[in-house]
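Shown below: run-v2.pdb, with PDB, C-alpha atoms.
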```pdb
ATOM      1  CA  ALA A   9     124.982  71.039  73.052  1.00  0.00           C
ATOM      2  CA  MET A  10     127.261  68.129  73.950  1.00  0.00           C
ATOM      3  CA  LEU A  11     127.861  67.242  70.313  1.00  0.00           C
ATOM      4  CA  ARG A  12     128.749  70.844  69.491  1.00  0.00           C
ATOM      5  CA  SER A  13     131.152  70.933  72.414  1.00  0.00           C
ATOM      6  CA  GLN A  14     132.711  67.623  71.382  1.00  0.00           C
ATOM      7  CA  ARG A  15     133.234  68.946  67.861  1.00  0.00           C
ATOM      8  CA  LEU A  16     134.732  72.140  69.243  1.00  0.00           C
ATOM      9  CA  SER A  17     137.086  70.054  71.396  1.00  0.00           C
ATOM     10  CA  SER A  18     138.282  68.100  68.394  1.00  0.00           C
ATOM     11  CA  PHE A  19     138.908  71.410  66.596  1.00  0.00           C
ATOM     12  CA  TYR A  20     141.000  72.661  69.527  1.00  0.00           C
ATOM     13  CA  LEU A  21     142.976  69.418  69.496  1.00  0.00           C
ATOM     14  CA  TRP A  22     143.697  69.842  65.813  1.00  0.00           C
ATOM     15  CA  ILE A  23     144.904  73.420  66.434  1.00  0.00           C
ATOM     16  CA  PHE A  24     147.227  72.335  69.237  1.00  0.00           C
ATOM     17  CA  ASP A  25     148.557  69.486  67.156  1.00  0.00           C
ATOM     18  CA  LYS A  26     149.623  71.951  64.453  1.00  0.00           C
ATOM     19  CA  ALA A  27     150.498  74.942  66.631  1.00  0.00           C
ATOM     20  CA  THR A  28     153.938  76.228  67.460  1.00  0.00           C
ATOM     21  CA  PRO A  29     154.855  76.891  71.119  1.00  0.00           C
ATOM     22  CA  GLU A  30     154.885  80.612  70.405  1.00  0.00           C
ATOM     23  CA  PHE A  31     151.342  80.520  69.064  1.00  0.00           C
ATOM     24  CA  ALA A  32     150.001  78.464  71.971  1.00  0.00           C
ATOM     25  CA  VAL A  33     151.607  80.614  74.660  1.00  0.00           C
ATOM     26  CA  SER A  34     150.514  83.887  73.063  1.00  0.00           C
ATOM     27  CA  ASN A  35     146.893  82.713  72.803  1.00  0.00           C
ATOM     28  CA  ASP A  36     145.776  81.715  76.307  1.00  0.00           C
ATOM     29  CA  ILE A  37     142.821  79.457  75.676  1.00  0.00           C
ATOM     30  CA  MET A  38     141.968  78.850  79.352  1.00  0.00           C
ATOM     31  CA  PRO A  39     138.717  80.903  79.360  1.00  0.00           C
ATOM     32  CA  ALA A  40     137.479  78.922  76.346  1.00  0.00           C
ATOM     33  CA  LEU A  41     138.474  75.605  77.955  1.00  0.00           C
ATOM     34  CA  LEU A  42     136.645  76.438  81.178  1.00  0.00           C
ATOM     35  CA  ARG A  43     133.522  77.267  79.171  1.00  0.00           C
ATOM     36  CA  LEU A  44     133.955  73.924  77.422  1.00  0.00           C
ATOM     37  CA  PHE A  45     134.225  72.131  80.764  1.00  0.00           C
ATOM     38  CA  GLY A  46     131.193  74.006  82.031  1.00  0.00           C
ATOM     39  CA  CYS A  47     129.018  72.719  79.216  1.00  0.00           C
ATOM     40  CA  SER A  48     128.594  69.368  80.961  1.00  0.00           C
ATOM     41  CA  GLY A  49     127.211  71.005  84.108  1.00  0.00           C
ATOM     42  CA  SER A  50     124.764  73.031  82.039  1.00  0.00           C
ATOM     43  CA  VAL A  51     123.599  69.903  80.226  1.00  0.00           C
ATOM     44  CA  VAL A  52     123.053  68.073  83.519  1.00  0.00           C
ATOM     45  CA  LYS A  53     121.094  70.998  84.939  1.00  0.00           C
ATOM     46  CA  ALA A  54     118.848  71.148  81.866  1.00  0.00           C
ATOM     47  CA  PHE A  55     118.368  67.365  81.879  1.00  0.00           C
ATOM     48  CA  LEU A  56     117.154  67.373  85.490  1.00  0.00           C
ATOM     49  CA  ARG A  57     114.310  69.734  84.679  1.00  0.00           C
ATOM     50  CA  THR A  58     112.365  66.838  83.230  1.00  0.00           C
ATOM     51  CA  MET A  59     114.311  63.648  84.020  1.00  0.00           C
ATOM     52  CA  ASP A  60     115.345  61.685  87.105  1.00  0.00           C
ATOM     53  CA  PRO A  61     118.985  61.994  88.305  1.00  0.00           C
ATOM     54  CA  GLN A  62     119.472  58.236  88.213  1.00  0.00           C
ATOM     55  CA  GLN A  63     118.980  58.318  84.449  1.00  0.00           C
ATOM     56  CA  ILE A  64     122.110  60.421  84.020  1.00  0.00           C
ATOM     57  CA  PRO A  65     124.522  57.435  83.811  1.00  0.00           C
ATOM     58  CA  SER A  66     122.607  55.786  80.959  1.00  0.00           C
ATOM     59  CA  ARG A  67     121.217  58.840  79.147  1.00  0.00           C
ATOM     60  CA  LEU A  68     123.994  61.433  79.546  1.00  0.00           C
ATOM     61  CA  LEU A  69     127.189  60.007  81.000  1.00  0.00           C
ATOM     62  CA  LYS A  70     127.025  56.724  79.031  1.00  0.00           C
ATOM     63  CA  ARG A  71     129.631  54.836  81.016  1.00  0.00           C
ATOM     64  CA  GLN A  72     131.975  52.968  78.736  1.00  0.00           C
ATOM     65  CA  PRO A  73     135.720  52.270  78.499  1.00  0.00           C
ATOM     66  CA  LEU A  74     137.312  55.132  76.564  1.00  0.00           C
ATOM     67  CA  GLU A  75     141.004  55.432  75.811  1.00  0.00           C
ATOM     68  CA  ILE A  76     142.650  58.598  77.095  1.00  0.00           C
ATOM     69  CA  ILE A  77     143.548  60.862  74.178  1.00  0.00           C
ATOM     70  CA  THR A  78     147.266  61.668  74.127  1.00  0.00           C
ATOM     71  CA  SER A  79     149.880  62.712  71.589  1.00  0.00           C
ATOM     72  CA  SER A  80     150.548  59.063  70.777  1.00  0.00           C
ATOM     73  CA  ASN A  81     146.990  58.305  69.634  1.00  0.00           C
ATOM     74  CA  MET A  82     145.981  61.742  68.345  1.00  0.00           C
ATOM     75  CA  GLU A  83     145.616  60.405  64.802  1.00  0.00           C
ATOM     76  CA  ASP A  84     142.651  58.307  65.963  1.00  0.00           C
ATOM     77  CA  VAL A  85     140.686  61.447  66.839  1.00  0.00           C
ATOM     78  CA  SER A  86     138.548  62.623  63.969  1.00  0.00           C
ATOM     79  CA  TRP A  87     135.452  64.725  63.504  1.00  0.00           C
ATOM     80  CA  SER A  88     133.382  61.645  62.749  1.00  0.00           C
ATOM     81  CA  ASN A  89     134.297  59.488  65.738  1.00  0.00           C
ATOM     82  CA  VAL A  90     133.839  62.260  68.328  1.00  0.00           C
ATOM     83  CA  ALA A  91     130.611  63.627  66.864  1.00  0.00           C
ATOM     84  CA  GLN A  92     128.583  60.473  66.385  1.00  0.00           C
ATOM     85  CA  ASP A  93     127.780  59.851  70.049  1.00  0.00           C
ATOM     86  CA  ALA A  94     127.128  62.593  72.585  1.00  0.00           C
ATOM     87  CA  SER A  95     128.094  61.720  76.156  1.00  0.00           C
ATOM     88  CA  LEU A  96     129.412  63.513  79.206  1.00  0.00           C
ATOM     89  CA  GLN A  97     132.209  60.980  79.508  1.00  0.00           C
ATOM     90  CA  ARG A  98     133.413  61.626  75.960  1.00  0.00           C
ATOM     91  CA  LEU A  99     133.109  65.389  76.431  1.00  0.00           C
ATOM     92  CA  HIS A 100     135.188  65.254  79.618  1.00  0.00           C
ATOM     93  CA  MET A 101     137.789  63.117  77.882  1.00  0.00           C
ATOM     94  CA  LEU A 102     138.080  65.516  74.940  1.00  0.00           C
ATOM     95  CA  GLY A 103     138.165  68.575  77.177  1.00  0.00           C
ATOM     96  CA  GLY A 104     140.859  66.963  79.297  1.00  0.00           C
ATOM     97  CA  ALA A 105     142.902  66.226  76.181  1.00  0.00           C
ATOM     98  CA  CYS A 106     142.646  69.868  75.064  1.00  0.00           C
ATOM     99  CA  PHE A 107     143.828  71.082  78.462  1.00  0.00           C
ATOM    100  CA  ALA A 108     146.747  68.649  78.542  1.00  0.00           C
ATOM    101  CA  ARG A 109     147.865  69.550  75.023  1.00  0.00           C
ATOM    102  CA  PHE A 110     147.791  73.236  75.895  1.00  0.00           C
ATOM    103  CA  CYS A 111     149.842  72.660  79.069  1.00  0.00           C
ATOM    104  CA  LEU A 112     152.542  70.829  77.136  1.00  0.00           C
ATOM    105  CA  PHE A 113     153.524  74.182  75.590  1.00  0.00           C
ATOM    106  CA  LEU A 114     153.951  75.848  78.992  1.00  0.00           C
ATOM    107  CA  GLU A 115     156.679  76.089  81.585  1.00  0.00           C
ATOM    108  CA  PRO A 116     156.067  74.204  84.877  1.00  0.00           C
ATOM    109  CA  ASP A 117     155.136  77.358  86.809  1.00  0.00           C
ATOM    110  CA  ASP A 118     152.626  78.291  84.116  1.00  0.00           C
ATOM    111  CA  VAL A 119     151.168  74.781  84.203  1.00  0.00           C
ATOM    112  CA  LYS A 120     150.739  75.151  87.947  1.00  0.00           C
ATOM    113  CA  THR A 121     148.811  78.377  87.424  1.00  0.00           C
ATOM    114  CA  ARG A 122     146.487  76.754  84.874  1.00  0.00           C
ATOM    115  CA  VAL A 123     145.860  73.710  87.066  1.00  0.00           C
ATOM    116  CA  ALA A 124     144.996  76.027  89.956  1.00  0.00           C
ATOM    117  CA  LYS A 125     142.478  77.822  87.716  1.00  0.00           C
ATOM    118  CA  VAL A 126     140.777  74.538  86.835  1.00  0.00           C
ATOM    119  CA  LEU A 127     140.565  73.532  90.491  1.00  0.00           C
ATOM    120  CA  ASP A 128     139.212  76.943  91.546  1.00  0.00           C
ATOM    121  CA  TRP A 129     136.588  76.716  88.820  1.00  0.00           C
ATOM    122  CA  ALA A 130     135.523  73.204  89.859  1.00  0.00           C
ATOM    123  CA  ARG A 131     135.394  74.060  93.576  1.00  0.00           C
ATOM    124  CA  GLY A 132     132.958  76.900  93.054  1.00  0.00           C
ATOM    125  CA  LYS A 133     132.316  78.544  96.426  1.00  0.00           C
ATOM    126  CA  GLN A 134     133.887  75.727  98.441  1.00  0.00           C
ATOM    127  CA  ASP A 135     137.516  75.495  99.535  1.00  0.00           C
ATOM    128  CA  LYS A 136     137.904  71.925  98.227  1.00  0.00           C
ATOM    129  CA  LEU A 137     136.211  69.758  95.621  1.00  0.00           C
ATOM    130  CA  LEU A 138     132.778  68.677  96.882  1.00  0.00           C
ATOM    131  CA  ALA A 139     133.772  69.722 100.410  1.00  0.00           C
ATOM    132  CA  ARG A 140     130.252  69.612 101.871  1.00  0.00           C
ATOM    133  CA  PRO A 141     128.266  66.458 100.947  1.00  0.00           C
ATOM    134  CA  GLU A 142     124.956  68.022 101.924  1.00  0.00           C
ATOM    135  CA  ASP A 143     125.472  70.953  99.525  1.00  0.00           C
ATOM    136  CA  VAL A 144     126.653  69.092  96.421  1.00  0.00           C
ATOM    137  CA  LEU A 145     124.589  69.791  93.313  1.00  0.00           C
ATOM    138  CA  HIS A 146     124.539  67.507  90.280  1.00  0.00           C
ATOM    139  CA  GLU A 147     126.299  70.130  88.182  1.00  0.00           C
ATOM    140  CA  ASP A 148     129.003  70.384  90.885  1.00  0.00           C
ATOM    141  CA  ALA A 149     129.684  66.678  90.464  1.00  0.00           C
ATOM    142  CA  SER A 150     129.879  67.089  86.697  1.00  0.00           C
ATOM    143  CA  LYS A 151     132.397  69.930  87.091  1.00  0.00           C
ATOM    144  CA  THR A 152     134.486  67.706  89.353  1.00  0.00           C
ATOM    145  CA  LEU A 153     134.459  64.929  86.748  1.00  0.00           C
ATOM    146  CA  ALA A 154     135.613  67.385  84.071  1.00  0.00           C
ATOM    147  CA  ALA A 155     138.433  68.704  86.265  1.00  0.00           C
ATOM    148  CA  VAL A 156     139.672  65.246  87.251  1.00  0.00           C
ATOM    149  CA  SER A 157     139.588  64.174  83.600  1.00  0.00           C
ATOM    150  CA  ALA A 158     141.861  67.103  82.741  1.00  0.00           C
ATOM    151  CA  LEU A 159     144.261  66.180  85.548  1.00  0.00           C
ATOM    152  CA  THR A 160     144.291  62.537  84.497  1.00  0.00           C
ATOM    153  CA  THR A 161     145.138  63.281  80.883  1.00  0.00           C
ATOM    154  CA  LEU A 162     147.832  65.749  81.900  1.00  0.00           C
ATOM    155  CA  THR A 163     149.346  63.084  84.171  1.00  0.00           C
ATOM    156  CA  VAL A 164     149.600  60.663  81.256  1.00  0.00           C
ATOM    157  CA  GLU A 165     150.911  63.259  78.796  1.00  0.00           C
ATOM    158  CA  ALA A 166     153.556  64.909  80.977  1.00  0.00           C
ATOM    159  CA  ASP A 167     155.799  62.234  82.437  1.00  0.00           C
ATOM    160  CA  GLY A 168     157.015  63.131  85.918  1.00  0.00           C
ATOM    161  CA  LEU A 169     154.648  66.058  86.338  1.00  0.00           C
ATOM    162  CA  ALA A 170     152.370  64.218  88.762  1.00  0.00           C
ATOM    163  CA  GLU A 171     155.031  63.758  91.413  1.00  0.00           C
ATOM    164  CA  GLU A 172     156.603  67.188  91.102  1.00  0.00           C
ATOM    165  CA  LEU A 173     153.545  69.367  90.585  1.00  0.00           C
ATOM    166  CA  LEU A 174     150.107  67.785  90.311  1.00  0.00           C
ATOM    167  CA  MET A 175     149.895  65.698  93.471  1.00  0.00           C
ATOM    168  CA  PRO A 176     150.984  68.514  95.815  1.00  0.00           C
ATOM    169  CA  LEU A 177     148.377  70.766  94.199  1.00  0.00           C
ATOM    170  CA  THR A 178     145.506  68.306  94.078  1.00  0.00           C
ATOM    171  CA  THR A 179     145.824  66.026  97.129  1.00  0.00           C
ATOM    172  CA  LYS A 180     143.343  67.897  99.330  1.00  0.00           C
ATOM    173  CA  ASP A 181     140.794  68.132  96.505  1.00  0.00           C
ATOM    174  CA  ILE A 182     141.000  64.476  95.507  1.00  0.00           C
ATOM    175  CA  SER A 183     140.813  63.423  99.152  1.00  0.00           C
ATOM    176  CA  SER A 184     137.761  65.626  99.688  1.00  0.00           C
ATOM    177  CA  ALA A 185     135.983  64.267  96.606  1.00  0.00           C
ATOM    178  CA  LEU A 186     136.636  60.659  97.674  1.00  0.00           C
ATOM    179  CA  LYS A 187     135.436  61.287 101.231  1.00  0.00           C
ATOM    180  CA  THR A 188     132.269  62.937  99.983  1.00  0.00           C
ATOM    181  CA  SER A 189     131.580  60.108  97.523  1.00  0.00           C
ATOM    182  CA  HIS A 190     131.940  57.589 100.343  1.00  0.00           C
ATOM    183  CA  SER A 191     129.712  59.665 102.614  1.00  0.00           C
ATOM    184  CA  VAL A 192     126.978  59.890  99.983  1.00  0.00           C
ATOM    185  CA  ALA A 193     127.103  56.133  99.346  1.00  0.00           C
ATOM    186  CA  LEU A 194     126.670  55.467 103.076  1.00  0.00           C
ATOM    187  CA  ARG A 195     123.792  57.942 103.268  1.00  0.00           C
ATOM    188  CA  ILE A 196     122.014  56.227 100.377  1.00  0.00           C
ATOM    189  CA  THR A 197     122.194  52.836 102.077  1.00  0.00           C
ATOM    190  CA  ARG A 198     120.915  54.291 105.355  1.00  0.00           C
ATOM    191  CA  GLU A 199     117.976  55.999 103.666  1.00  0.00           C
ATOM    192  CA  LYS A 200     116.996  53.218 101.266  1.00  0.00           C
ATOM    193  CA  LEU A 201     117.442  50.143 103.457  1.00  0.00           C
ATOM    194  CA  PRO A 202     115.202  49.383 106.455  1.00  0.00           C
ATOM    195  CA  ARG A 203     116.910  49.454 109.818  1.00  0.00           C
ATOM    196  CA  LYS A 204     116.003  45.864 110.550  1.00  0.00           C
ATOM    197  CA  ARG A 205     116.092  43.611 107.529  1.00  0.00           C
ATOM    198  CA  ARG A 206     114.755  40.110 107.695  1.00  0.00           C
ATOM    199  CA  ARG A 207     117.047  37.666 105.983  1.00  0.00           C
ATOM    200  CA  THR A 208     114.067  35.528 105.101  1.00  0.00           C
ATOM    201  CA  LEU A 209     112.357  38.366 103.266  1.00  0.00           C
ATOM    202  CA  SER A 210     112.985  37.558  99.598  1.00  0.00           C
ATOM    203  CA  GLY A 211     112.046  41.019  98.396  1.00  0.00           C
ATOM    204  CA  ALA A 212     114.546  42.892 100.587  1.00  0.00           C
ATOM    205  CA  ARG A 213     117.274  44.704  98.678  1.00  0.00           C
ATOM    206  CA  THR A 214     120.935  44.401  99.586  1.00  0.00           C
ATOM    207  CA  GLU A 215     123.379  47.313  99.925  1.00  0.00           C
ATOM    208  CA  LYS A 216     124.894  46.374  96.570  1.00  0.00           C
ATOM    209  CA  GLU A 217     121.525  46.459  94.831  1.00  0.00           C
ATOM    210  CA  VAL A 218     120.636  49.825  96.351  1.00  0.00           C
ATOM    211  CA  LEU A 219     123.954  51.411  95.414  1.00  0.00           C
ATOM    212  CA  SER A 220     123.837  49.949  91.907  1.00  0.00           C
ATOM    213  CA  SER A 221     120.428  51.482  91.276  1.00  0.00           C
ATOM    214  CA  GLU A 222     121.459  54.896  92.641  1.00  0.00           C
ATOM    215  CA  SER A 223     125.063  55.204  91.525  1.00  0.00           C
ATOM    216  CA  TRP A 224     125.068  58.758  90.114  1.00  0.00           C
ATOM    217  CA  TRP A 225     127.258  60.677  90.964  1.00  0.00           C
ATOM    218  CA  TRP A 226     129.218  59.321  93.903  1.00  0.00           C
ATOM    219  CA  TYR A 227     130.393  56.243  91.963  1.00  0.00           C
ATOM    220  CA  ASP A 228     131.620  58.202  88.929  1.00  0.00           C
ATOM    221  CA  VAL A 229     133.535  60.743  91.013  1.00  0.00           C
ATOM    222  CA  ALA A 230     135.128  58.014  93.132  1.00  0.00           C
ATOM    223  CA  MET A 231     136.234  55.996  90.097  1.00  0.00           C
ATOM    224  CA  ALA A 232     137.611  59.086  88.324  1.00  0.00           C
ATOM    225  CA  CYS A 233     139.636  60.090  91.410  1.00  0.00           C
ATOM    226  CA  LEU A 234     140.961  56.568  91.964  1.00  0.00           C
ATOM    227  CA  ASN A 235     141.988  56.305  88.310  1.00  0.00           C
ATOM    228  CA  TYR A 236     143.825  59.618  88.593  1.00  0.00           C
ATOM    229  CA  LEU A 237     145.633  58.453  91.729  1.00  0.00           C
ATOM    230  CA  SER A 238     146.553  55.121  90.162  1.00  0.00           C
ATOM    231  CA  LEU A 239     148.112  56.796  87.132  1.00  0.00           C
ATOM    232  CA  SER A 240     149.876  59.338  89.336  1.00  0.00           C
ATOM    233  CA  PHE A 241     151.456  56.619  91.469  1.00  0.00           C
ATOM    234  CA  LYS A 242     152.786  54.947  88.334  1.00  0.00           C
ATOM    235  CA  GLN A 243     154.530  58.178  87.356  1.00  0.00           C
ATOM    236  CA  GLY A 244     156.732  58.282  90.459  1.00  0.00           C
ATOM    237  CA  SER A 245     157.681  55.940  93.249  1.00  0.00           C
ATOM    238  CA  ASN A 246     158.180  58.717  95.809  1.00  0.00           C
ATOM    239  CA  ILE A 247     154.625  60.054  95.870  1.00  0.00           C
TER
END
```

Once more with this new file: its structure as structure tokens, please.
Amino acid sequence: AMLRSQRLSSFYLWIFDKATPEFAVSNDIMPALLRLFGCSGSVVKAFLRTMDPQQIPSRLLKRQPLEIITSSNMEDVSWSNVAQDASLQRLHMLGGACFARFCLFLEPDDVKTRVAKVLDWARGKQDKLLARPEDVLHEDASKTLAAVSALTTLTVEADGLAEELLMPLTTKDISSALKTSHSVALRITREKLPRKRRRTLSGARTEKEVLSSESWWWYDVAMACLNYLSLSFKQGSNI
């Protein structure tokens, strides 16, 4: 499913690369993009039927440094290099690139509307991204990663858009996601570490070891949000 979605993403990118503004605006692809984003949550949900959540980083997400796809490096995107390795990270990156390319054809007010749709989709029934730590499902975290990937790519593609439009729209959501990630990390250490640890006990695990072994999904969401903020700050000094 991920490979098919990655191939579909590369096809969308090719269309947007060749499309005229008139064609892009007259063919609102948002419903298709949201279905594309939603694929990652469906994959995670299916994976958890038989596998442990802590295997998601190595088996599904496959953390690795990937270059953000923009207009400047579009020629490097081909059917072969996006279809040979299925991963949630690559799918999010490709989906984010499709969303950013589509938004480049739109007026600022229309971009704002599309960004709001992505955020509403990722929030689900909550008023902010991952607003309630105790209610977060694994697929909710995956949807948040997809949404933040789209925002990050759009920030890189559209110079100046972060300061004028994206940050005002997304501040409460990014703040909520970061707070929840931090809260989950603290909860993991409280649950997995004994209240009184003996320093002389060689087998006792440290906080770092516990968090490293149980890093899905709080770590990935936190890093994605911080990367988005870092790139946004570079776009404008008045944020």

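Interatomic distance, CA of Leu159 in chain A against CA of Val126 in chain A: 9.1 Å.
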
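Evaluated against the shown file, the PyMOL selection byres ((chain A and resi 222) around 12) gives Asp60, Pro61, Gln62, Gln63, Ile64, Pro65, Ser66, Val192, Ala193, Leu194, Arg195, Ile196, Thr197, Glu199, Lys200, Glu215, Lys216, Glu217, Val218, Leu219, Ser220, Ser221, Ser223, Trp224, Trp225, Trp226, Tyr227 and Asp228 of chain A.
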
Near Lys70 in chain A, within 9 Å and counting all atoms listed in the file, which residues show up once chain neighbours fewer than 2 positions away are dropped, as a short mmCIF file (atom, residue, chain, number, x, y, z; two decimals) with C-alpha atoms, keeping the file's coordinate frame?
```
data_model
loop_
_atom_site.label_atom_id
_atom_site.label_comp_id
_atom_site.auth_asym_id
_atom_site.auth_seq_id
_atom_site.Cartn_x
_atom_site.Cartn_y
_atom_site.Cartn_z
CA ILE A 64 122.11 60.42 84.02
CA PRO A 65 124.52 57.44 83.81
CA SER A 66 122.61 55.79 80.96
CA ARG A 67 121.22 58.84 79.15
CA LEU A 68 123.99 61.43 79.55
CA GLN A 72 131.98 52.97 78.74
CA ALA A 94 127.13 62.59 72.58
CA SER A 95 128.09 61.72 76.16
CA LEU A 96 129.41 63.51 79.21
CA GLN A 97 132.21 60.98 79.51
CA ARG A 98 133.41 61.63 75.96
#
```

Could you list, as JSON, numbers by chain, every residue matched by the PyMOL selection byres ((chain A and resi 40) around 12) in this structure?
{"A": [13, 16, 17, 20, 35, 36, 37, 38, 39, 41, 42, 43, 44, 45, 46, 47, 103, 106, 107, 110, 126]}

Counting all atoms listed in the file, find the residues whose atoms lie at most 9 Å from (155.1, 65.7, 77.2) (file coordinates) and write them out as a PyMOL selection string.
chain A and resi 79+108-109+111-113+162+164-167

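CA of Val229 in chain A is positioned 11.2 Å from CA of Ser183 in chain A.
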
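The coordinates place CA of Phe24 in chain A at 12.8 Å from CA of Leu102 in chain A.
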
Measuring atom to atom with all atoms listed in the file, identify which of A:Glu30, A:Glu115, A:Glu83, A:Asp128 is nearest to Leu177 in chain A.
A:Asp128

Between A:Ala105, A:Ala185, A:Leu174, A:Ala27, which has the minimum distance to Gln134 in chain A (counting only C-alpha atoms)?
A:Ala185
